[in-house]
Amino acid sequence: MLAIIGGSGLTRLANLEVTRRQVVRTPHGEPSGALTFGRIRGREVVFLARHGYGHTIPPHEVNYCANIWALHSQKVKDVVSVASVGGIRPDLAPGTLAVPHQIIDYTHGRRATFFTRANHSVTHIDFTHPYCEALRQRLLRAAAAAGEAVTAGGVYAATQGPRLETAAEIDRLERDGADMVGMTGMPEAALARELGLCYAAIAVVVNHAAGRGGSTGGIRLEDIGAISQAAMERLRNILDQVVMLDDG
Ligand code: HPA
């Protein structure tokens, strides 16, 4: 089954015919909310709002372990993460959708592994390619089928938040090779890999990163809502197609 984790601007899926909601208890605490099961065009999907259905949980307080564990416990195999980002690369202007292929993790103080001394011997995962390539390709095919332009590839920098970055921090991220910046991509992707889930992200650029383009004088937070809403409409078309392309 496919899971969709919705980020800021996507707390529900309009096209989802909801069949049931389930509160899942996990050994890692509470997920961001009940899992919403339903169908899109006859295919079973489960949805979870990363920041809670009332958008109350900030990026650094999301219980990523509980969310990923809960999805895994419900026989989910594929996870599409929807994430808002700031665009660093000049072509990643507000309103752009992108399917990143790499991650740099700048987060700290978040619980980032299921493998603790208490329950496992020393365990490492391969994370050379942090996203599941099959699901990335499926997202790109879905976008083509929906007639929506998406940028194929990009390096996602995960910052701690909840504050936005300084202009110098964005310069540094760019020197590091980052194309876009968001606050929720990690440890989510790594936890999904630890449990063997196929995980990919679709990023919605909602602002120019600090000091770039229209954000040279500062990020106009009041503009983000409208940009995000318009982009989410396009994203919904893509998600419909992703579900249709389900081969499992
Ligand atoms: N920085 C970090 N996270 C974000 C941004 C940003 O500019 N925009 C949306 N999420």
# chains A, B, ... in the order shown; residues from 1 in each chain; ligands from 1
>>> closest_atom_pairs(of="range 82-179 of chain A", to="range 67-72 of chain A", cutoff="12 Å", atoms="only C-alpha atoms", output="tab-separated table")
residue	atom	partner	partner_atom	distance
A:Ala112	CA	A:Ile68	CA	11.3
A:Thr113	CA	A:Ile68	CA	10.9
A:Phe114	CA	A:Trp69	CA	9.0
>>> residues_near_ligand(ligand="ligand 1", cutoff="10 Å", atoms="only C-alpha atoms and all ligand atoms", output="PyMOL selection string")
chain A and resi 7-8+59+83-88+94+157-166+170+180-185+203-212+215+219+221+224+228
>>> residues_around(residues="range 130-138 of chain A", least_positions_apart="4", cutoff="12 Å", atoms="only C-alpha atoms", output="ChimeraX atom specification")
/A:2-3,77-81,98-105,125-126,142-145,150-156,185-194,196-203,238-248
>>> closest_residue(among="A:Gly177, A:Gly33, A:Gly6, A:Gly95", to="Ala230 in chain A", atoms="only C-alpha atoms")
A:Gly95
>>> select_by_dssp(residues="range 20-243 of chain A", states="helix (DSSP H, G or I)", output="JSON, numbers by chain")
{"A": [59, 60, 61, 64, 65, 66, 67, 68, 69, 70, 71, 72, 73, 133, 134, 135, 136, 137, 138, 139, 140, 141, 142, 143, 144, 145, 146, 167, 168, 169, 170, 171, 172, 173, 174, 175, 176, 188, 189, 190, 191, 192, 193, 194, 213, 214, 215, 221, 222, 223, 224, 225, 226, 227, 228, 229, 230, 231, 232, 233, 234, 235, 236, 237, 238, 239, 240, 241, 242, 243]}
>>> residues_around(residues="Arg12 in chain A", least_positions_apart="6", cutoff="9 Å", atoms="only C-alpha atoms", output="list in words")
Gly6, Phe47, Leu48, Ala49 and Tyr53 of chain A
>>> write_last_selection(atoms="all heavy atoms", output="short mmCIF file (atom, residue, chain, number, x, y, z; two decimals), in the first residue's frame")
data_model
loop_
_atom_site.label_atom_id
_atom_site.label_comp_id
_atom_site.auth_asym_id
_atom_site.auth_seq_id
_atom_site.Cartn_x
_atom_site.Cartn_y
_atom_site.Cartn_z
N GLY A 6 1.62 14.21 4.25
CA GLY A 6 1.39 15.59 3.82
C GLY A 6 2.11 16.56 4.73
O GLY A 6 2.14 16.37 5.94
N PHE A 47 -3.11 8.16 4.48
CA PHE A 47 -2.61 9.53 4.56
C PHE A 47 -2.29 9.88 6.01
O PHE A 47 -3.01 9.48 6.93
CB PHE A 47 -3.66 10.50 4.01
CG PHE A 47 -3.24 11.94 4.09
CD1 PHE A 47 -2.35 12.46 3.16
CD2 PHE A 47 -3.70 12.76 5.11
CE1 PHE A 47 -1.93 13.77 3.25
CE2 PHE A 47 -3.27 14.09 5.20
CZ PHE A 47 -2.40 14.58 4.27
N LEU A 48 -1.22 10.64 6.18
CA LEU A 48 -0.87 11.16 7.51
C LEU A 48 -0.40 12.60 7.36
O LEU A 48 0.46 12.89 6.51
CB LEU A 48 0.24 10.30 8.13
CG LEU A 48 0.78 10.77 9.48
CD1 LEU A 48 -0.29 10.75 10.57
CD2 LEU A 48 1.96 9.90 9.92
N ALA A 49 -0.96 13.48 8.16
CA ALA A 49 -0.52 14.89 8.15
C ALA A 49 0.66 15.03 9.11
O ALA A 49 0.51 14.84 10.32
CB ALA A 49 -1.67 15.80 8.57
N TYR A 53 -3.33 17.16 12.09
CA TYR A 53 -4.42 17.61 11.22
C TYR A 53 -4.76 19.08 11.46
O TYR A 53 -5.28 19.74 10.59
CB TYR A 53 -5.64 16.68 11.38
CG TYR A 53 -5.30 15.31 10.81
CD1 TYR A 53 -4.84 14.28 11.62
CD2 TYR A 53 -5.35 15.09 9.45
CE1 TYR A 53 -4.48 13.05 11.09
CE2 TYR A 53 -4.99 13.86 8.90
CZ TYR A 53 -4.55 12.85 9.74
OH TYR A 53 -4.17 11.64 9.20
#
>>> select_by_dssp(residues="range 1-228 of chain A", states="strand (DSSP E or B)", output="VMD selection string")
chain A and resid 2 to 6 17 to 22 26 29 35 to 40 43 to 49 78 to 87 97 to 99 102 to 105 151 to 152 155 to 158 180 to 182 198 to 208
>>> atom_distance(atom1="CA of Arg89 in chain A", atom2="CA of Glu233 in chain A")
23.2 Å
>>> atom_distance(atom1="CA of Thr107 in chain A", atom2="CA of Ala66 in chain A")
17.8 Å
>>> closest_residue(among="A:Thr11, A:Thr96, A:Thr56, A:Thr36", to="Ala231 in chain A", atoms="only C-alpha atoms")
A:Thr96
>>> closest_residue(among="A:Glu30, A:Ile227, A:Leu92, A:Thr19", to="Asn63 in chain A", atoms="only C-alpha atoms")
A:Glu30
>>> closest_residue(among="A:Glu44, A:Thr128, A:Gly52, A:Val18", to="Ser32 in chain A", atoms="only C-alpha atoms")
A:Gly52
>>> decode(residues="range 119-152 of chain A", atoms="N, CA and C atoms", output="PDB file, in the first residue's frame")
ATOM      1  N   ASN A 119      17.952  -2.325  21.916  1.00  0.00           N
ATOM      2  CA  ASN A 119      17.202  -3.304  21.116  1.00  0.00           C
ATOM      3  C   ASN A 119      17.975  -3.895  19.939  1.00  0.00           C
ATOM      4  N   HIS A 120      19.175  -3.406  19.656  1.00  0.00           N
ATOM      5  CA  HIS A 120      19.900  -3.911  18.494  1.00  0.00           C
ATOM      6  C   HIS A 120      21.397  -3.919  18.777  1.00  0.00           C
ATOM      7  N   SER A 121      22.101  -4.794  18.067  1.00  0.00           N
ATOM      8  CA  SER A 121      23.545  -4.622  18.036  1.00  0.00           C
ATOM      9  C   SER A 121      23.813  -3.500  17.045  1.00  0.00           C
ATOM     10  N   VAL A 122      25.070  -3.094  16.907  1.00  0.00           N
ATOM     11  CA  VAL A 122      25.378  -1.941  16.045  1.00  0.00           C
ATOM     12  C   VAL A 122      24.887  -2.227  14.623  1.00  0.00           C
ATOM     13  N   THR A 123      24.055  -1.335  14.116  1.00  0.00           N
ATOM     14  CA  THR A 123      23.442  -1.549  12.800  1.00  0.00           C
ATOM     15  C   THR A 123      23.601  -0.292  11.962  1.00  0.00           C
ATOM     16  N   HIS A 124      24.055  -0.455  10.732  1.00  0.00           N
ATOM     17  CA  HIS A 124      24.169   0.670   9.809  1.00  0.00           C
ATOM     18  C   HIS A 124      23.266   0.416   8.611  1.00  0.00           C
ATOM     19  N   ILE A 125      22.807   1.498   7.996  1.00  0.00           N
ATOM     20  CA  ILE A 125      22.070   1.333   6.736  1.00  0.00           C
ATOM     21  C   ILE A 125      22.882   1.997   5.636  1.00  0.00           C
ATOM     22  N   ASP A 126      22.746   1.470   4.424  1.00  0.00           N
ATOM     23  CA  ASP A 126      23.317   2.173   3.275  1.00  0.00           C
ATOM     24  C   ASP A 126      22.366   3.312   2.930  1.00  0.00           C
ATOM     25  N   PHE A 127      22.932   4.524   2.769  1.00  0.00           N
ATOM     26  CA  PHE A 127      22.085   5.695   2.494  1.00  0.00           C
ATOM     27  C   PHE A 127      22.700   6.512   1.357  1.00  0.00           C
ATOM     28  N   THR A 128      23.513   5.843   0.537  1.00  0.00           N
ATOM     29  CA  THR A 128      24.176   6.526  -0.573  1.00  0.00           C
ATOM     30  C   THR A 128      23.150   7.263  -1.428  1.00  0.00           C
ATOM     31  N   HIS A 129      22.095   6.550  -1.747  1.00  0.00           N
ATOM     32  CA  HIS A 129      20.985   7.131  -2.511  1.00  0.00           C
ATOM     33  C   HIS A 129      19.782   7.144  -1.582  1.00  0.00           C
ATOM     34  N   PRO A 130      19.536   8.301  -0.944  1.00  0.00           N
ATOM     35  CA  PRO A 130      18.581   8.315   0.167  1.00  0.00           C
ATOM     36  C   PRO A 130      17.133   8.075  -0.242  1.00  0.00           C
ATOM     37  N   TYR A 131      16.806   8.369  -1.494  1.00  0.00           N
ATOM     38  CA  TYR A 131      15.428   8.152  -1.940  1.00  0.00           C
ATOM     39  C   TYR A 131      15.343   6.863  -2.756  1.00  0.00           C
ATOM     40  N   CYS A 132      14.155   6.266  -2.741  1.00  0.00           N
ATOM     41  CA  CYS A 132      13.909   5.042  -3.502  1.00  0.00           C
ATOM     42  C   CYS A 132      13.752   5.431  -4.985  1.00  0.00           C
ATOM     43  N   GLU A 133      14.660   4.928  -5.804  1.00  0.00           N
ATOM     44  CA  GLU A 133      14.676   5.367  -7.205  1.00  0.00           C
ATOM     45  C   GLU A 133      13.407   4.932  -7.954  1.00  0.00           C
ATOM     46  N   ALA A 134      12.891   3.757  -7.625  1.00  0.00           N
ATOM     47  CA  ALA A 134      11.672   3.293  -8.315  1.00  0.00           C
ATOM     48  C   ALA A 134      10.509   4.249  -8.044  1.00  0.00           C
ATOM     49  N   LEU A 135      10.412   4.713  -6.813  1.00  0.00           N
ATOM     50  CA  LEU A 135       9.304   5.616  -6.468  1.00  0.00           C
ATOM     51  C   LEU A 135       9.548   7.019  -7.033  1.00  0.00           C
ATOM     52  N   ARG A 136      10.795   7.439  -7.087  1.00  0.00           N
ATOM     53  CA  ARG A 136      11.111   8.728  -7.735  1.00  0.00           C
ATOM     54  C   ARG A 136      10.656   8.691  -9.198  1.00  0.00           C
ATOM     55  N   GLN A 137      10.993   7.593  -9.872  1.00  0.00           N
ATOM     56  CA  GLN A 137      10.630   7.483 -11.288  1.00  0.00           C
ATOM     57  C   GLN A 137       9.114   7.444 -11.446  1.00  0.00           C
ATOM     58  N   ARG A 138       8.465   6.784 -10.495  1.00  0.00           N
ATOM     59  CA  ARG A 138       6.992   6.725 -10.557  1.00  0.00           C
ATOM     60  C   ARG A 138       6.392   8.133 -10.381  1.00  0.00           C
ATOM     61  N   LEU A 139       6.987   8.925  -9.492  1.00  0.00           N
ATOM     62  CA  LEU A 139       6.524  10.309  -9.312  1.00  0.00           C
ATOM     63  C   LEU A 139       6.714  11.114 -10.596  1.00  0.00           C
ATOM     64  N   LEU A 140       7.847  10.902 -11.246  1.00  0.00           N
ATOM     65  CA  LEU A 140       8.119  11.653 -12.481  1.00  0.00           C
ATOM     66  C   LEU A 140       7.162  11.217 -13.590  1.00  0.00           C
ATOM     67  N   ARG A 141       6.896   9.920 -13.666  1.00  0.00           N
ATOM     68  CA  ARG A 141       5.929   9.435 -14.675  1.00  0.00           C
ATOM     69  C   ARG A 141       4.530   9.972 -14.367  1.00  0.00           C
ATOM     70  N   ALA A 142       4.203  10.018 -13.085  1.00  0.00           N
ATOM     71  CA  ALA A 142       2.884  10.521 -12.676  1.00  0.00           C
ATOM     72  C   ALA A 142       2.735  11.992 -13.069  1.00  0.00           C
ATOM     73  N   ALA A 143       3.786  12.767 -12.875  1.00  0.00           N
ATOM     74  CA  ALA A 143       3.732  14.185 -13.234  1.00  0.00           C
ATOM     75  C   ALA A 143       3.535  14.333 -14.736  1.00  0.00           C
ATOM     76  N   ALA A 144       4.249  13.517 -15.513  1.00  0.00           N
ATOM     77  CA  ALA A 144       4.102  13.574 -16.976  1.00  0.00           C
ATOM     78  C   ALA A 144       2.669  13.209 -17.361  1.00  0.00           C
ATOM     79  N   ALA A 145       2.128  12.172 -16.717  1.00  0.00           N
ATOM     80  CA  ALA A 145       0.761  11.745 -17.032  1.00  0.00           C
ATOM     81  C   ALA A 145      -0.254  12.820 -16.658  1.00  0.00           C
ATOM     82  N   ALA A 146       0.049  13.573 -15.598  1.00  0.00           N
ATOM     83  CA  ALA A 146      -0.868  14.629 -15.150  1.00  0.00           C
ATOM     84  C   ALA A 146      -0.661  15.917 -15.944  1.00  0.00           C
ATOM     85  N   GLY A 147       0.383  15.942 -16.769  1.00  0.00           N
ATOM     86  CA  GLY A 147       0.675  17.154 -17.536  1.00  0.00           C
ATOM     87  C   GLY A 147       1.220  18.280 -16.669  1.00  0.00           C
ATOM     88  N   GLU A 148       1.830  17.922 -15.545  1.00  0.00           N
ATOM     89  CA  GLU A 148       2.396  18.936 -14.644  1.00  0.00           C
ATOM     90  C   GLU A 148       3.913  18.930 -14.747  1.00  0.00           C
ATOM     91  N   ALA A 149       4.504  20.112 -14.898  1.00  0.00           N
ATOM     92  CA  ALA A 149       5.957  20.198 -14.982  1.00  0.00           C
ATOM     93  C   ALA A 149       6.567  19.984 -13.601  1.00  0.00           C
ATOM     94  N   VAL A 150       7.580  19.140 -13.529  1.00  0.00           N
ATOM     95  CA  VAL A 150       8.336  18.996 -12.277  1.00  0.00           C
ATOM     96  C   VAL A 150       9.823  18.994 -12.605  1.00  0.00           C
ATOM     97  N   THR A 151      10.618  19.460 -11.653  1.00  0.00           N
ATOM     98  CA  THR A 151      12.064  19.421 -11.810  1.00  0.00           C
ATOM     99  C   THR A 151      12.549  18.064 -11.321  1.00  0.00           C
ATOM    100  N   ALA A 152      13.249  17.343 -12.199  1.00  0.00           N
ATOM    101  CA  ALA A 152      13.714  16.001 -11.856  1.00  0.00           C
ATOM    102  C   ALA A 152      15.083  16.122 -11.193  1.00  0.00           C
TER     103      ALA A 152
END
